[in-house]
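Here is the structure we will look at.
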Amino acid sequence: MSTPPPQDPYGPRPPEHVPPGATTHRFQAAPGPEARRPGGFRRGFGFGLGASLGATLVLGAAAVLGAVALAVGLTAGAAGLAGAVSGGDGDAVTETVWGEPTATGRLLAVPVTGTILGGEGDGATFGAATYGYEVARAIDALGPEDADGLVLEMNTPGGTIHGSRAIADAVDRYRERTGHQVTAFVQGLSASGGMYAMAGADDVVLDHGSLVGSIGIISGPFSRYRDVTGIPGSLLEPGVTTEGGITQEYLSRGTGKDFGNPYRDMTAEERAVWDAMLDREYAAFVSWVSQARGIPEETITGQLGAHLYDAQTAVDNGLADAVLGSHEAYIRAAERAGTDPADTRVDRVVGPSAWESLLGASAEDDQGAVLERGRSVVCAGGPVVLAFHGDLAAVCQQG
């Protein structure tokens, strides 16, 4: 009787895709009882379209801009790399973005771009997104021999708490497991959940003009329709008419099953329960950044707050270590990794082309079944606790 092949603990992997000009490098898991199957990003951080249900805790550095508020974390930026896809038999697709491809020293660059989600169940945004669990799996698959160090390339407004913390924990495990240095290089924005993800890096370098900060959390919107006189809308064009107007409220820190009902006021008890949740998440966020960056908690809560800071001010406040352009940043990372910058390359994990990613909001598994990605939890419409900065409409609009 034949023995069935072992199952991949992370599930089926999509077909191999190698972008033009890219190369494949094998990730071998570190030996030991907790060794993981070699492989980089199984489905990676991608983006797609669809519909998603439910609400979750989300990290993001958010300032209330029009309809959205920012509050937990310090990473962010615009959309970027679509997703990293593992190749055949544990190979991860990478491309050399700095240095000579034949250099003996090697740094692995992992992009953290767009909204930070947790896993596939969080859906996807219209713009690029990073799936924190996939990033963590890729980092956990690295052993000391796979690279001389790790570079997190940050450009994100933040996102979910669990996705951001997954990256942060994986960075800690990598440093402990390999003894190698981790550099976070911010290219544009690292707000809220981004700060959460990168705070534990050994070195935080900001490109010129970059912004970091927004250590805080926010939840909402909570809508209130006062003195409703009619609901004349249809499925295609919903509408409500009121005499008292419509208001929306955000909380920046149950009992009632219809909590969030826009047709009644929030009760004091509901507010207290939600505020307590925000307090716990905010305290955990502040504690993490405080320990990782060596900044007293009272300085974060009383002085830095949830503001965004320019690059040099961030360095002055201890949120970052240096302001450098990309070339100088990679040289600094190579030196910290103990390699000769003249004989070191930076290999970035890459994914499908933007066109493929737009069309490939779904991937096929080994049986040809379609794995669809739904709309992100940050776009689902219900109140979520965010570590996010910016206008959610930019990542949630679908046309």
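Order determines the names: the first chain of the structure tokens is A, the second B, and so forth; residues in each chain are numbered 1 upward, and ligands are numbered 1 upward as they are shown.
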| task | Give the strand (DSSP E or B) residues of region 157-232 of chain A, as DSSP finds them on the backbone, and put them as JSON, numbers by chain. | result | {"A": [158, 159, 181, 182, 183, 184, 185, 186, 187, 188, 189, 190, 191, 203, 204, 205, 206, 211, 212, 213, 218, 219, 220, 221, 222, 223, 224, 225, 226, 227, 228, 229, 230]}
| query | In terms of the shortest atom-to-atom distance over only C-alpha atoms, which of A:Glu297, A:Glu270, A:Asp146, A:Glu153 is closest to Leu206 (chain A)? | reply |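 Distance minimum relative to Leu206 (chain A) lands on A:Glu153.
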| field | Atomic separation - CA of Ala311 (chain A) relative to CA of Gly325 (chain A), Å | value |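 These atoms are spaced 11.6 Å apart.
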| How many Å lie between CA of Phe388 (chain A) and CA of Val346 (chain A), rounded to one decimal? |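 Distance reported for this atom pair: 28.9 Å.
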Run DSSP on the backbone of this structure and report the residues of region 233-354 of chain A it assigns to alpha helix (DSSP H), as a short mmCIF file (atom, residue, chain, number, x, y, z; two decimals) with N, CA and C atoms, in the first residue's frame.
```cif
data_model
loop_
_atom_site.label_atom_id
_atom_site.label_comp_id
_atom_site.auth_asym_id
_atom_site.auth_seq_id
_atom_site.Cartn_x
_atom_site.Cartn_y
_atom_site.Cartn_z
N ALA A 268 -23.99 54.39 26.41
CA ALA A 268 -22.78 54.60 27.20
C ALA A 268 -22.04 53.28 27.42
N GLU A 269 -22.77 52.19 27.60
CA GLU A 269 -22.14 50.89 27.81
C GLU A 269 -21.41 50.43 26.55
N GLU A 270 -22.05 50.60 25.39
CA GLU A 270 -21.41 50.20 24.14
C GLU A 270 -20.14 51.00 23.90
N ARG A 271 -20.22 52.29 24.17
CA ARG A 271 -19.04 53.13 24.01
C ARG A 271 -17.91 52.67 24.94
N ALA A 272 -18.26 52.33 26.19
CA ALA A 272 -17.27 51.90 27.16
C ALA A 272 -16.59 50.60 26.71
N VAL A 273 -17.38 49.66 26.18
CA VAL A 273 -16.82 48.38 25.72
C VAL A 273 -15.86 48.63 24.56
N TRP A 274 -16.27 49.44 23.61
CA TRP A 274 -15.43 49.70 22.44
C TRP A 274 -14.18 50.48 22.83
N ASP A 275 -14.35 51.47 23.72
CA ASP A 275 -13.20 52.23 24.19
C ASP A 275 -12.18 51.34 24.90
N ALA A 276 -12.68 50.37 25.68
CA ALA A 276 -11.78 49.46 26.39
C ALA A 276 -10.96 48.64 25.40
N MET A 277 -11.58 48.20 24.31
CA MET A 277 -10.85 47.46 23.29
C MET A 277 -9.78 48.33 22.65
N LEU A 278 -10.14 49.57 22.33
CA LEU A 278 -9.16 50.48 21.74
C LEU A 278 -8.02 50.74 22.70
N ASP A 279 -8.35 50.89 23.99
CA ASP A 279 -7.30 51.12 24.99
C ASP A 279 -6.30 49.98 25.03
N ARG A 280 -6.80 48.74 25.00
CA ARG A 280 -5.90 47.57 25.03
C ARG A 280 -5.00 47.54 23.81
N GLU A 281 -5.58 47.73 22.63
CA GLU A 281 -4.78 47.66 21.41
C GLU A 281 -3.78 48.82 21.34
N TYR A 282 -4.22 49.99 21.76
CA TYR A 282 -3.32 51.15 21.76
C TYR A 282 -2.16 50.93 22.72
N ALA A 283 -2.45 50.41 23.91
CA ALA A 283 -1.41 50.14 24.90
C ALA A 283 -0.40 49.13 24.38
N ALA A 284 -0.89 48.08 23.69
CA ALA A 284 0.01 47.07 23.13
C ALA A 284 0.88 47.67 22.05
N PHE A 285 0.30 48.52 21.23
CA PHE A 285 1.04 49.18 20.15
C PHE A 285 2.13 50.08 20.73
N VAL A 286 1.73 50.92 21.68
CA VAL A 286 2.69 51.84 22.31
C VAL A 286 3.81 51.05 23.00
N SER A 287 3.46 49.99 23.71
CA SER A 287 4.45 49.18 24.40
C SER A 287 5.45 48.57 23.43
N TRP A 288 4.94 48.10 22.30
CA TRP A 288 5.81 47.46 21.31
C TRP A 288 6.83 48.46 20.76
N VAL A 289 6.34 49.64 20.35
CA VAL A 289 7.24 50.66 19.80
C VAL A 289 8.21 51.15 20.87
N SER A 290 7.71 51.30 22.09
CA SER A 290 8.56 51.77 23.19
C SER A 290 9.74 50.83 23.43
N GLN A 291 9.45 49.53 23.49
CA GLN A 291 10.51 48.55 23.73
C GLN A 291 11.45 48.43 22.55
N ALA A 292 10.88 48.44 21.34
CA ALA A 292 11.70 48.24 20.15
C ALA A 292 12.60 49.44 19.85
N ARG A 293 12.08 50.65 20.08
CA ARG A 293 12.85 51.84 19.72
C ARG A 293 13.49 52.51 20.93
N GLU A 297 7.23 55.14 27.10
CA GLU A 297 5.82 55.12 26.70
C GLU A 297 5.17 56.48 26.90
N GLU A 298 5.53 57.17 27.97
CA GLU A 298 4.91 58.47 28.23
C GLU A 298 5.30 59.50 27.16
N THR A 299 6.47 59.31 26.55
CA THR A 299 6.87 60.20 25.45
C THR A 299 6.00 59.96 24.23
N ALA A 311 11.06 63.03 7.90
CA ALA A 311 12.16 62.10 8.13
C ALA A 311 13.11 62.55 9.23
N GLN A 312 13.58 63.79 9.15
CA GLN A 312 14.57 64.23 10.14
C GLN A 312 13.96 64.38 11.53
N THR A 313 12.72 64.85 11.60
CA THR A 313 12.06 64.95 12.90
C THR A 313 11.85 63.56 13.50
N ALA A 314 11.56 62.58 12.67
CA ALA A 314 11.41 61.20 13.15
C ALA A 314 12.71 60.69 13.73
N VAL A 315 13.83 61.02 13.09
CA VAL A 315 15.14 60.62 13.62
C VAL A 315 15.39 61.33 14.95
N ASP A 316 15.09 62.62 14.99
CA ASP A 316 15.30 63.40 16.22
C ASP A 316 14.48 62.83 17.38
N SER A 326 18.34 55.71 -1.52
CA SER A 326 18.34 54.25 -1.63
C SER A 326 19.75 53.67 -1.77
N HIS A 327 20.61 54.29 -2.56
CA HIS A 327 21.96 53.75 -2.75
C HIS A 327 22.71 53.72 -1.42
N GLU A 328 22.68 54.84 -0.71
CA GLU A 328 23.37 54.91 0.58
C GLU A 328 22.72 53.98 1.61
N ALA A 329 21.41 53.83 1.52
CA ALA A 329 20.72 52.96 2.46
C ALA A 329 21.14 51.51 2.29
N TYR A 330 21.30 51.06 1.04
CA TYR A 330 21.72 49.68 0.79
C TYR A 330 23.18 49.48 1.21
N ILE A 331 24.01 50.49 1.01
CA ILE A 331 25.40 50.41 1.47
C ILE A 331 25.41 50.24 2.99
N ARG A 332 24.63 51.04 3.68
CA ARG A 332 24.56 50.97 5.14
C ARG A 332 24.07 49.59 5.59
N ALA A 333 23.06 49.06 4.90
CA ALA A 333 22.54 47.74 5.26
C ALA A 333 23.58 46.66 5.05
N ALA A 334 24.35 46.75 3.97
CA ALA A 334 25.40 45.77 3.70
C ALA A 334 26.48 45.83 4.78
N GLU A 335 26.85 47.04 5.17
CA GLU A 335 27.88 47.19 6.21
C GLU A 335 27.39 46.62 7.54
N ARG A 336 26.15 46.86 7.87
CA ARG A 336 25.59 46.32 9.11
C ARG A 336 25.50 44.80 9.06
N ALA A 354 1.63 44.03 -12.86
CA ALA A 354 0.44 44.74 -12.41
C ALA A 354 -0.79 44.28 -13.18
#
```
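Rounded to one decimal, CA of Arg137 (chain A) and CA of Gly118 (chain A) lie 11.8 Å from each other.
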